[in-house]
>>> print(open('work.cif').read())   # mmCIF, C-alpha atoms and all ligand atoms
data_work
#
loop_
_atom_site.group_PDB
_atom_site.id
_atom_site.type_symbol
_atom_site.label_atom_id
_atom_site.label_comp_id
_atom_site.auth_asym_id
_atom_site.auth_seq_id
_atom_site.Cartn_x
_atom_site.Cartn_y
_atom_site.Cartn_z
ATOM 1 C CA MET A 5 0.000 0.000 0.000
ATOM 2 C CA THR A 6 1.368 3.415 -0.910
ATOM 3 C CA LYS A 7 1.573 6.082 1.687
ATOM 4 C CA GLU A 8 -0.399 9.291 1.147
ATOM 5 C CA PRO A 9 1.603 12.517 1.585
ATOM 6 C CA ASN A 10 -0.685 13.423 4.486
ATOM 7 C CA ASP A 11 0.391 10.301 6.360
ATOM 8 C CA VAL A 12 3.882 11.693 6.806
ATOM 9 C CA THR A 13 4.484 13.403 10.117
ATOM 10 C CA ILE A 14 7.368 15.795 10.002
ATOM 11 C CA THR A 15 9.023 16.476 13.316
ATOM 12 C CA ARG A 16 11.934 18.499 14.456
ATOM 13 C CA ARG A 17 14.213 17.882 17.419
ATOM 14 C CA ILE A 18 14.242 20.759 19.865
ATOM 15 C CA SER A 19 15.805 21.334 23.247
ATOM 16 C CA MET A 20 15.119 23.936 25.869
ATOM 17 C CA THR A 21 15.507 24.595 29.558
ATOM 18 C CA VAL A 22 12.254 24.849 31.508
ATOM 19 C CA ASN A 23 12.373 25.842 35.164
ATOM 20 C CA GLY A 24 16.041 24.978 35.232
ATOM 21 C CA GLU A 25 15.585 21.528 33.727
ATOM 22 C CA ARG A 26 16.850 20.586 30.265
ATOM 23 C CA HIS A 27 14.333 18.954 27.900
ATOM 24 C CA GLU A 28 14.693 17.478 24.442
ATOM 25 C CA ALA A 29 11.832 16.310 22.250
ATOM 26 C CA ASP A 30 10.682 15.755 18.705
ATOM 27 C CA VAL A 31 7.794 18.068 17.834
ATOM 28 C CA GLU A 32 5.680 18.819 14.821
ATOM 29 C CA PRO A 33 6.523 22.314 13.576
ATOM 30 C CA ARG A 34 2.872 23.355 13.981
ATOM 31 C CA THR A 35 2.776 22.525 17.715
ATOM 32 C CA THR A 36 2.177 25.606 19.821
ATOM 33 C CA LEU A 37 4.433 26.249 22.766
ATOM 34 C CA VAL A 38 1.565 25.977 25.246
ATOM 35 C CA ASP A 39 0.529 22.594 23.848
ATOM 36 C CA PHE A 40 4.125 21.440 24.090
ATOM 37 C CA LEU A 41 4.461 22.587 27.698
ATOM 38 C CA ARG A 42 1.186 21.025 28.746
ATOM 39 C CA GLY A 43 0.998 17.966 26.529
ATOM 40 C CA THR A 44 4.622 16.894 26.171
ATOM 41 C CA LEU A 45 6.196 18.180 29.375
ATOM 42 C CA GLY A 46 3.081 17.816 31.548
ATOM 43 C CA LEU A 47 3.361 21.392 32.856
ATOM 44 C CA THR A 48 -0.370 22.021 33.024
ATOM 45 C CA GLY A 49 -0.092 25.115 35.214
ATOM 46 C CA THR A 50 0.146 27.122 32.006
ATOM 47 C CA HIS A 51 -3.461 27.532 30.914
ATOM 48 C CA VAL A 52 -5.121 27.825 27.527
ATOM 49 C CA GLY A 53 -7.874 30.397 27.293
ATOM 50 C CA CYS A 54 -8.534 32.416 24.162
ATOM 51 C CA GLU A 55 -5.719 30.934 22.032
ATOM 52 C CA HIS A 56 -5.516 34.319 20.326
ATOM 53 C CA GLY A 57 -2.938 36.132 22.418
ATOM 54 C CA VAL A 58 -5.573 38.194 24.234
ATOM 55 C CA CYS A 59 -6.333 36.785 27.704
ATOM 56 C CA GLY A 60 -2.816 36.163 29.040
ATOM 57 C CA ALA A 61 -3.677 32.815 30.652
ATOM 58 C CA CYS A 62 -0.859 31.093 28.745
ATOM 59 C CA THR A 63 1.878 33.558 29.749
ATOM 60 C CA VAL A 64 5.336 32.099 30.377
ATOM 61 C CA LEU A 65 8.763 33.674 30.642
ATOM 62 C CA TRP A 66 10.947 33.270 27.584
ATOM 63 C CA ASN A 67 14.554 34.242 28.262
ATOM 64 C CA GLY A 68 13.119 36.443 31.004
ATOM 65 C CA LYS A 69 10.399 38.061 28.875
ATOM 66 C CA ALA A 70 6.697 37.438 29.407
ATOM 67 C CA VAL A 71 5.227 35.928 26.229
ATOM 68 C CA ARG A 72 1.932 34.353 25.184
ATOM 69 C CA SER A 73 2.703 30.718 24.586
ATOM 70 C CA CYS A 74 -0.535 30.113 22.635
ATOM 71 C CA ILE A 75 0.672 32.189 19.715
ATOM 72 C CA MET A 76 4.227 30.873 19.670
ATOM 73 C CA LEU A 77 5.459 27.625 18.245
ATOM 74 C CA ALA A 78 7.416 25.124 20.263
ATOM 75 C CA VAL A 79 10.126 25.071 17.592
ATOM 76 C CA GLN A 80 10.670 28.785 18.159
ATOM 77 C CA ALA A 81 11.675 27.981 21.725
ATOM 78 C CA ASP A 82 14.539 25.779 20.596
ATOM 79 C CA GLY A 83 17.504 26.762 22.753
ATOM 80 C CA ALA A 84 15.447 29.043 24.979
ATOM 81 C CA GLU A 85 15.271 29.321 28.737
ATOM 82 C CA LEU A 86 11.658 29.195 29.930
ATOM 83 C CA LYS A 87 9.956 29.654 33.244
ATOM 84 C CA THR A 88 6.419 28.502 33.962
ATOM 85 C CA VAL A 89 4.317 28.850 37.089
ATOM 86 C CA GLU A 90 5.669 25.485 38.277
ATOM 87 C CA GLY A 91 9.070 27.158 38.556
ATOM 88 C CA LEU A 92 7.998 29.833 41.028
ATOM 89 C CA ALA A 93 7.754 27.959 44.328
ATOM 90 C CA ASP A 94 10.826 26.621 46.102
ATOM 91 C CA GLY A 95 9.648 23.146 47.004
ATOM 92 C CA ALA A 96 6.793 23.550 49.479
ATOM 93 C CA THR A 97 7.614 27.222 50.022
ATOM 94 C CA LEU A 98 5.522 29.560 47.914
ATOM 95 C CA HIS A 99 7.186 32.333 45.971
ATOM 96 C CA PRO A 100 6.449 35.781 47.483
ATOM 97 C CA ILE A 101 4.207 36.576 44.506
ATOM 98 C CA GLN A 102 2.199 33.409 45.112
ATOM 99 C CA GLN A 103 2.043 34.197 48.823
ATOM 100 C CA ALA A 104 0.759 37.698 48.031
ATOM 101 C CA PHE A 105 -2.033 36.292 45.844
ATOM 102 C CA LEU A 106 -2.938 33.911 48.645
ATOM 103 C CA GLU A 107 -3.011 36.600 51.324
ATOM 104 C CA LYS A 108 -4.941 39.152 49.235
ATOM 105 C CA HIS A 109 -7.385 36.626 47.788
ATOM 106 C CA GLY A 110 -6.103 37.495 44.325
ATOM 107 C CA LEU A 111 -7.756 34.471 42.794
ATOM 108 C CA GLN A 112 -10.988 32.565 42.725
ATOM 109 C CA CYS A 113 -11.010 29.798 40.128
ATOM 110 C CA GLY A 114 -7.298 30.385 39.507
ATOM 111 C CA PHE A 115 -7.490 30.002 35.745
ATOM 112 C CA CYS A 116 -5.900 33.369 35.006
ATOM 113 C CA THR A 117 -3.548 33.355 38.004
ATOM 114 C CA PRO A 118 -0.365 31.767 36.581
ATOM 115 C CA GLY A 119 -0.319 34.336 33.790
ATOM 116 C CA PHE A 120 -0.777 37.273 36.160
ATOM 117 C CA MET A 121 1.961 35.986 38.450
ATOM 118 C CA LEU A 122 4.494 35.503 35.679
ATOM 119 C CA SER A 123 3.892 38.980 34.290
ATOM 120 C CA ILE A 124 4.378 40.435 37.778
ATOM 121 C CA TYR A 125 7.531 38.331 38.109
ATOM 122 C CA GLU A 126 8.854 39.829 34.880
ATOM 123 C CA LEU A 127 7.973 43.357 36.031
ATOM 124 C CA LEU A 128 9.751 42.872 39.363
ATOM 125 C CA GLY A 129 12.760 41.511 37.538
ATOM 126 C CA ARG A 130 13.004 44.839 35.741
ATOM 127 C CA THR A 131 12.347 47.110 38.696
ATOM 128 C CA SER A 132 11.975 46.590 42.417
ATOM 129 C CA ALA A 133 9.887 49.759 42.746
ATOM 130 C CA PRO A 134 7.341 49.809 39.919
ATOM 131 C CA THR A 135 5.019 52.790 39.626
ATOM 132 C CA GLU A 136 1.266 52.391 39.921
ATOM 133 C CA GLU A 137 1.051 52.905 36.182
ATOM 134 C CA GLU A 138 3.573 50.154 35.511
ATOM 135 C CA ILE A 139 1.685 47.755 37.775
ATOM 136 C CA LEU A 140 -1.662 48.516 36.148
ATOM 137 C CA ASP A 141 -0.116 48.335 32.711
ATOM 138 C CA THR A 142 1.277 44.882 33.500
ATOM 139 C CA LEU A 143 -2.012 43.603 34.936
ATOM 140 C CA GLY A 144 -3.935 45.192 32.068
ATOM 141 C CA GLY A 145 -2.561 42.590 29.699
ATOM 142 C CA HIS A 146 -4.571 39.856 31.429
ATOM 143 C CA LEU A 147 -8.235 38.945 31.695
ATOM 144 C CA CYS A 148 -9.897 37.516 34.791
ATOM 145 C CA ARG A 149 -13.515 36.439 34.787
ATOM 146 C CA CYS A 150 -13.824 36.052 38.561
ATOM 147 C CA THR A 151 -12.196 38.596 40.814
ATOM 148 C CA GLY A 152 -13.183 42.072 39.656
ATOM 149 C CA TYR A 153 -9.427 42.804 39.553
ATOM 150 C CA GLN A 154 -9.157 44.842 42.761
ATOM 151 C CA SER A 155 -7.817 41.939 44.774
ATOM 152 C CA ILE A 156 -5.304 41.206 42.017
ATOM 153 C CA VAL A 157 -4.087 44.809 42.117
ATOM 154 C CA GLU A 158 -3.720 44.512 45.901
ATOM 155 C CA ALA A 159 -1.863 41.216 45.498
ATOM 156 C CA ALA A 160 0.529 42.857 43.049
ATOM 157 C CA HIS A 161 1.241 45.664 45.532
ATOM 158 C CA LEU A 162 1.845 43.172 48.312
ATOM 159 C CA ALA A 163 4.120 41.186 46.003
ATOM 160 C CA VAL A 164 6.196 44.333 45.447
ATOM 161 C CA GLU A 165 6.534 44.753 49.223
ATOM 162 C CA LYS A 166 7.405 41.130 49.802
ATOM 163 C CA MET A 167 10.042 41.105 47.090
ATOM 164 C CA ARG A 168 11.559 44.312 48.411
ATOM 165 C CA THR A 169 11.933 42.979 51.941
ATOM 166 C CA ARG A 170 12.930 39.469 50.921
HETATM 167 S S1 LIG B 201 -4.632 31.565 25.775
HETATM 168 FE FE1 LIG B 201 -2.908 32.678 25.140
HETATM 169 S S2 LIG B 201 -3.452 34.745 25.396
HETATM 170 FE FE2 LIG B 201 -5.276 33.643 25.837
HETATM 171 S S1 LIG B 202 -9.597 33.821 39.145
HETATM 172 FE FE1 LIG B 202 -11.001 32.896 37.762
HETATM 173 S S2 LIG B 202 -10.477 33.760 35.842
HETATM 174 FE FE2 LIG B 202 -9.282 34.849 37.239
#
>>> encode(input="work.cif", output="structure tokens")
Amino acid sequence: MTKEPNDVTITRRISMTVNGERHEADVEPRTTLVDFLRGTLGLTGTHVGCEHGVCGACTVLWNGKAVRSCIMLAVQADGAELKTVEGLADGATLHPIQQAFLEKHGLQCGFCTPGFMLSIYELLGRTSAPTEEEILDTLGGHLCRCTGYQSIVEAAHLAVEKMRTR
């Protein structure tokens, strides 16, 4: 029996570091980064919402920059250093940003939360004393259907404090 062209699966070998751990895998070039993280690496803390780069639920850090992993391909991350929400806590000890969300009730269902936290992480990597405008600008890139946002803003402010006094 002859093989139809559509039966051929083309893959490419990629390698990347995720949360400090090296990974290598064969992926189809069309695989999105979020599908790779969730499906291949089992890092399901990165969520899939709109799949259009709008809601921010799929945000991860790419060489230190917050990016939307639903509109990036896994092959683009070849050689990159990534951080996902799983890389925030130190064992059983929550990261200060996670602790701030906990203390300020910055989440309800938690679907949007990993994305918010990683964007705040990126912001605090750039400046330890962000302005109100910078905080709101960072949070403004994310959608939450549950909290009404005020508690998230308060969590971000507390995260700033916690990181400063760490
Ligand atoms: S799922 Fe990627 S931005 Fe919404
Ligand atoms: S906490 Fe439910 S979507 Fe934000």
>>> residues_around(input="work.cif", residues="stretch 128-140 of chain A", least_positions_apart="6", cutoff="12 Å", atoms="all atoms listed in the file", output="list in words")
Leu65, Asn67, Gly68, Lys69, Ala70, Pro100, Ile101, Phe120, Met121, Leu122, His146, Tyr153, Gln154, Ile156, Val157, Glu158, Ala159, Ala160, His161, Leu162, Ala163, Val164, Glu165, Lys166, Met167, Arg168, Thr169 and Arg170 of chain A
>>> write_last_selection(input="work.cif", atoms="C-alpha atoms", output="tab-separated table (two decimals), in the frame of the given file")
chain	number	residue	atom	x	y	z
A	65	LEU	CA	8.76	33.67	30.64
A	67	ASN	CA	14.55	34.24	28.26
A	68	GLY	CA	13.12	36.44	31.00
A	69	LYS	CA	10.40	38.06	28.88
A	70	ALA	CA	6.70	37.44	29.41
A	100	PRO	CA	6.45	35.78	47.48
A	101	ILE	CA	4.21	36.58	44.51
A	120	PHE	CA	-0.78	37.27	36.16
A	121	MET	CA	1.96	35.99	38.45
A	122	LEU	CA	4.49	35.50	35.68
A	146	HIS	CA	-4.57	39.86	31.43
A	153	TYR	CA	-9.43	42.80	39.55
A	154	GLN	CA	-9.16	44.84	42.76
A	156	ILE	CA	-5.30	41.21	42.02
A	157	VAL	CA	-4.09	44.81	42.12
A	158	GLU	CA	-3.72	44.51	45.90
A	159	ALA	CA	-1.86	41.22	45.50
A	160	ALA	CA	0.53	42.86	43.05
A	161	HIS	CA	1.24	45.66	45.53
A	162	LEU	CA	1.84	43.17	48.31
A	163	ALA	CA	4.12	41.19	46.00
A	164	VAL	CA	6.20	44.33	45.45
A	165	GLU	CA	6.53	44.75	49.22
A	166	LYS	CA	7.40	41.13	49.80
A	167	MET	CA	10.04	41.10	47.09
A	168	ARG	CA	11.56	44.31	48.41
A	169	THR	CA	11.93	42.98	51.94
A	170	ARG	CA	12.93	39.47	50.92
>>> residues_near_ligand(input="work.cif", ligand="ligand LIG 201 (chain B)", cutoff="6 Å", atoms="all atoms listed in the file", output="PyMOL selection string")
chain A and resi 52-62+72-74
>>> residues_near_ligand(input="work.cif", ligand="ligand LIG 202 (chain B)", cutoff="6 Å", atoms="all atoms listed in the file", output="VMD selection string")
chain A and resid 111 to 117 148 to 151
>>> axis_aligned_box(input="work.cif", around="stretch 129-135 of chain A", padding_each_side="3 Å", output="lines of an AutoDock Vina configuration file")
center_x = 9.0
center_y = 47.2
center_z = 39.2
size_x = 14.0
size_y = 17.3
size_z = 13.0
>>> resolve_selection(input="work.cif", expression="the PyMOL selection byres (((chain A and resi 82-89) around 7) and not hetatm)", output="list in words")
Ile18, Ser19, Met20, Thr21, Val22, Asn23, Gly49, Thr50, Val64, Leu65, Trp66, Asn67, Val79, Gln80, Ala81, Glu90, Gly91, Leu92, Pro118 and Leu122 of chain A
>>> write_last_selection(input="work.cif", atoms="C-alpha atoms", output="PDB file, in the coordinates of the input")
ATOM      1  CA  ILE A  18      14.242  20.759  19.865  1.00  0.00           C
ATOM      2  CA  SER A  19      15.805  21.334  23.247  1.00  0.00           C
ATOM      3  CA  MET A  20      15.119  23.936  25.869  1.00  0.00           C
ATOM      4  CA  THR A  21      15.507  24.595  29.558  1.00  0.00           C
ATOM      5  CA  VAL A  22      12.254  24.849  31.508  1.00  0.00           C
ATOM      6  CA  ASN A  23      12.373  25.842  35.164  1.00  0.00           C
ATOM      7  CA  GLY A  49      -0.092  25.115  35.214  1.00  0.00           C
ATOM      8  CA  THR A  50       0.146  27.122  32.006  1.00  0.00           C
ATOM      9  CA  VAL A  64       5.336  32.099  30.377  1.00  0.00           C
ATOM     10  CA  LEU A  65       8.763  33.674  30.642  1.00  0.00           C
ATOM     11  CA  TRP A  66      10.947  33.270  27.584  1.00  0.00           C
ATOM     12  CA  ASN A  67      14.554  34.242  28.262  1.00  0.00           C
ATOM     13  CA  VAL A  79      10.126  25.071  17.592  1.00  0.00           C
ATOM     14  CA  GLN A  80      10.670  28.785  18.159  1.00  0.00           C
ATOM     15  CA  ALA A  81      11.675  27.981  21.725  1.00  0.00           C
ATOM     16  CA  GLU A  90       5.669  25.485  38.277  1.00  0.00           C
ATOM     17  CA  GLY A  91       9.070  27.158  38.556  1.00  0.00           C
ATOM     18  CA  LEU A  92       7.998  29.833  41.028  1.00  0.00           C
ATOM     19  CA  PRO A 118      -0.365  31.767  36.581  1.00  0.00           C
ATOM     20  CA  LEU A 122       4.494  35.503  35.679  1.00  0.00           C
TER      21      LEU A 122
END
>>> resolve_selection(input="work.cif", expression="the PyMOL selection byres (((chain A and resi 31) around 6) and not hetatm)", output="NGL selection string")
:A and (15-16 or 30 or 32)
>>> atom_distance(input="work.cif", atom1="atom CA of A:His99", atom2="atom CA of A:Ser155")
17.9 Å
>>> atom_distance(input="work.cif", atom1="atom CA of A:Thr97", atom2="atom CA of A:Leu147")
26.9 Å
>>> atom_distance(input="work.cif", atom1="atom CA of A:His27", atom2="atom CA of A:Thr63")
19.3 Å
>>> resolve_selection(input="work.cif", expression="the PyMOL selection byres (((chain A and resi 34) around 8) and not hetatm)", output="PyMOL selection string")
chain A and resi 32-33+35-36+77-78
>>> build_atoms(input="work.cif", residues="stretch 61-72 of chain A", atoms="all heavy atoms", output="PDB file, in the coordinates of the input")
ATOM      1  N   ALA A  61      -3.690  34.017  29.802  1.00  0.00           N
ATOM      2  CA  ALA A  61      -3.677  32.815  30.652  1.00  0.00           C
ATOM      3  C   ALA A  61      -2.467  31.912  30.374  1.00  0.00           C
ATOM      4  O   ALA A  61      -2.030  31.165  31.239  1.00  0.00           O
ATOM      5  CB  ALA A  61      -4.957  32.015  30.450  1.00  0.00           C
ATOM      6  N   CYS A  62      -1.944  31.993  29.164  1.00  0.00           N
ATOM      7  CA  CYS A  62      -0.859  31.093  28.745  1.00  0.00           C
ATOM      8  C   CYS A  62       0.527  31.711  28.911  1.00  0.00           C
ATOM      9  O   CYS A  62       1.494  31.172  28.390  1.00  0.00           O
ATOM     10  CB  CYS A  62      -1.068  30.741  27.281  1.00  0.00           C
ATOM     11  SG  CYS A  62      -0.923  32.213  26.229  1.00  0.00           S
ATOM     12  N   THR A  63       0.607  32.825  29.637  1.00  0.00           N
ATOM     13  CA  THR A  63       1.878  33.558  29.749  1.00  0.00           C
ATOM     14  C   THR A  63       2.976  32.718  30.411  1.00  0.00           C
ATOM     15  O   THR A  63       2.754  32.093  31.451  1.00  0.00           O
ATOM     16  CB  THR A  63       1.662  34.855  30.560  1.00  0.00           C
ATOM     17  OG1 THR A  63       0.697  35.648  29.883  1.00  0.00           O
ATOM     18  CG2 THR A  63       2.957  35.636  30.721  1.00  0.00           C
ATOM     19  N   VAL A  64       4.134  32.717  29.789  1.00  0.00           N
ATOM     20  CA  VAL A  64       5.336  32.099  30.377  1.00  0.00           C
ATOM     21  C   VAL A  64       6.489  33.079  30.176  1.00  0.00           C
ATOM     22  O   VAL A  64       6.369  34.046  29.413  1.00  0.00           O
ATOM     23  CB  VAL A  64       5.679  30.739  29.713  1.00  0.00           C
ATOM     24  CG1 VAL A  64       4.554  29.739  29.913  1.00  0.00           C
ATOM     25  CG2 VAL A  64       6.004  30.901  28.230  1.00  0.00           C
ATOM     26  N   LEU A  65       7.586  32.836  30.848  1.00  0.00           N
ATOM     27  CA  LEU A  65       8.763  33.674  30.642  1.00  0.00           C
ATOM     28  C   LEU A  65       9.700  33.000  29.653  1.00  0.00           C
ATOM     29  O   LEU A  65      10.026  31.814  29.802  1.00  0.00           O
ATOM     30  CB  LEU A  65       9.499  33.932  31.957  1.00  0.00           C
ATOM     31  CG  LEU A  65       8.726  34.719  33.014  1.00  0.00           C
ATOM     32  CD1 LEU A  65       9.640  35.060  34.174  1.00  0.00           C
ATOM     33  CD2 LEU A  65       8.115  35.988  32.450  1.00  0.00           C
ATOM     34  N   TRP A  66      10.093  33.740  28.673  1.00  0.00           N
ATOM     35  CA  TRP A  66      10.947  33.270  27.584  1.00  0.00           C
ATOM     36  C   TRP A  66      12.233  34.091  27.640  1.00  0.00           C
ATOM     37  O   TRP A  66      12.215  35.280  27.339  1.00  0.00           O
ATOM     38  CB  TRP A  66      10.210  33.504  26.276  1.00  0.00           C
ATOM     39  CG  TRP A  66      10.952  33.263  25.025  1.00  0.00           C
ATOM     40  CD1 TRP A  66      12.170  33.744  24.650  1.00  0.00           C
ATOM     41  CD2 TRP A  66      10.485  32.485  23.924  1.00  0.00           C
ATOM     42  NE1 TRP A  66      12.488  33.319  23.405  1.00  0.00           N
ATOM     43  CE2 TRP A  66      11.469  32.553  22.931  1.00  0.00           C
ATOM     44  CE3 TRP A  66       9.328  31.760  23.680  1.00  0.00           C
ATOM     45  CZ2 TRP A  66      11.346  31.912  21.711  1.00  0.00           C
ATOM     46  CZ3 TRP A  66       9.200  31.120  22.466  1.00  0.00           C
ATOM     47  CH2 TRP A  66      10.196  31.185  21.499  1.00  0.00           C
ATOM     48  N   ASN A  67      13.310  33.487  28.054  1.00  0.00           N
ATOM     49  CA  ASN A  67      14.554  34.242  28.262  1.00  0.00           C
ATOM     50  C   ASN A  67      14.270  35.500  29.077  1.00  0.00           C
ATOM     51  O   ASN A  67      14.777  36.589  28.772  1.00  0.00           O
ATOM     52  CB  ASN A  67      15.217  34.587  26.921  1.00  0.00           C
ATOM     53  CG  ASN A  67      15.665  33.346  26.177  1.00  0.00           C
ATOM     54  OD1 ASN A  67      15.896  32.293  26.773  1.00  0.00           O
ATOM     55  ND2 ASN A  67      15.762  33.429  24.862  1.00  0.00           N
ATOM     56  N   GLY A  68      13.414  35.340  30.086  1.00  0.00           N
ATOM     57  CA  GLY A  68      13.119  36.443  31.004  1.00  0.00           C
ATOM     58  C   GLY A  68      11.989  37.352  30.581  1.00  0.00           C
ATOM     59  O   GLY A  68      11.566  38.214  31.340  1.00  0.00           O
ATOM     60  N   LYS A  69      11.473  37.194  29.376  1.00  0.00           N
ATOM     61  CA  LYS A  69      10.399  38.061  28.875  1.00  0.00           C
ATOM     62  C   LYS A  69       9.068  37.335  28.943  1.00  0.00           C
ATOM     63  O   LYS A  69       8.980  36.155  28.587  1.00  0.00           O
ATOM     64  CB  LYS A  69      10.655  38.414  27.404  1.00  0.00           C
ATOM     65  CG  LYS A  69      11.788  39.361  27.200  1.00  0.00           C
ATOM     66  CD  LYS A  69      11.269  40.617  26.519  1.00  0.00           C
ATOM     67  CE  LYS A  69      12.345  41.688  26.482  1.00  0.00           C
ATOM     68  NZ  LYS A  69      11.988  42.940  27.011  1.00  0.00           N
ATOM     69  N   ALA A  70       8.023  38.041  29.356  1.00  0.00           N
ATOM     70  CA  ALA A  70       6.697  37.438  29.407  1.00  0.00           C
ATOM     71  C   ALA A  70       6.139  37.342  27.985  1.00  0.00           C
ATOM     72  O   ALA A  70       6.077  38.345  27.263  1.00  0.00           O
ATOM     73  CB  ALA A  70       5.774  38.284  30.281  1.00  0.00           C
ATOM     74  N   VAL A  71       5.774  36.131  27.577  1.00  0.00           N
ATOM     75  CA  VAL A  71       5.227  35.928  26.229  1.00  0.00           C
ATOM     76  C   VAL A  71       3.959  35.075  26.320  1.00  0.00           C
ATOM     77  O   VAL A  71       3.724  34.376  27.307  1.00  0.00           O
ATOM     78  CB  VAL A  71       6.240  35.215  25.291  1.00  0.00           C
ATOM     79  CG1 VAL A  71       7.488  36.050  25.108  1.00  0.00           C
ATOM     80  CG2 VAL A  71       6.576  33.819  25.797  1.00  0.00           C
ATOM     81  N   ARG A  72       3.172  35.142  25.264  1.00  0.00           N
ATOM     82  CA  ARG A  72       1.932  34.353  25.184  1.00  0.00           C
ATOM     83  C   ARG A  72       2.263  33.051  24.455  1.00  0.00           C
ATOM     84  O   ARG A  72       2.516  33.061  23.240  1.00  0.00           O
ATOM     85  CB  ARG A  72       0.876  35.127  24.412  1.00  0.00           C
ATOM     86  CG  ARG A  72       0.812  36.573  24.893  1.00  0.00           C
ATOM     87  CD  ARG A  72      -0.480  36.888  25.509  1.00  0.00           C
ATOM     88  NE  ARG A  72      -0.223  37.829  26.579  1.00  0.00           N
ATOM     89  CZ  ARG A  72      -1.110  38.673  27.043  1.00  0.00           C
ATOM     90  NH1 ARG A  72      -2.321  38.698  26.548  1.00  0.00           N
ATOM     91  NH2 ARG A  72      -0.825  39.463  28.039  1.00  0.00           N
TER      92      ARG A  72
END
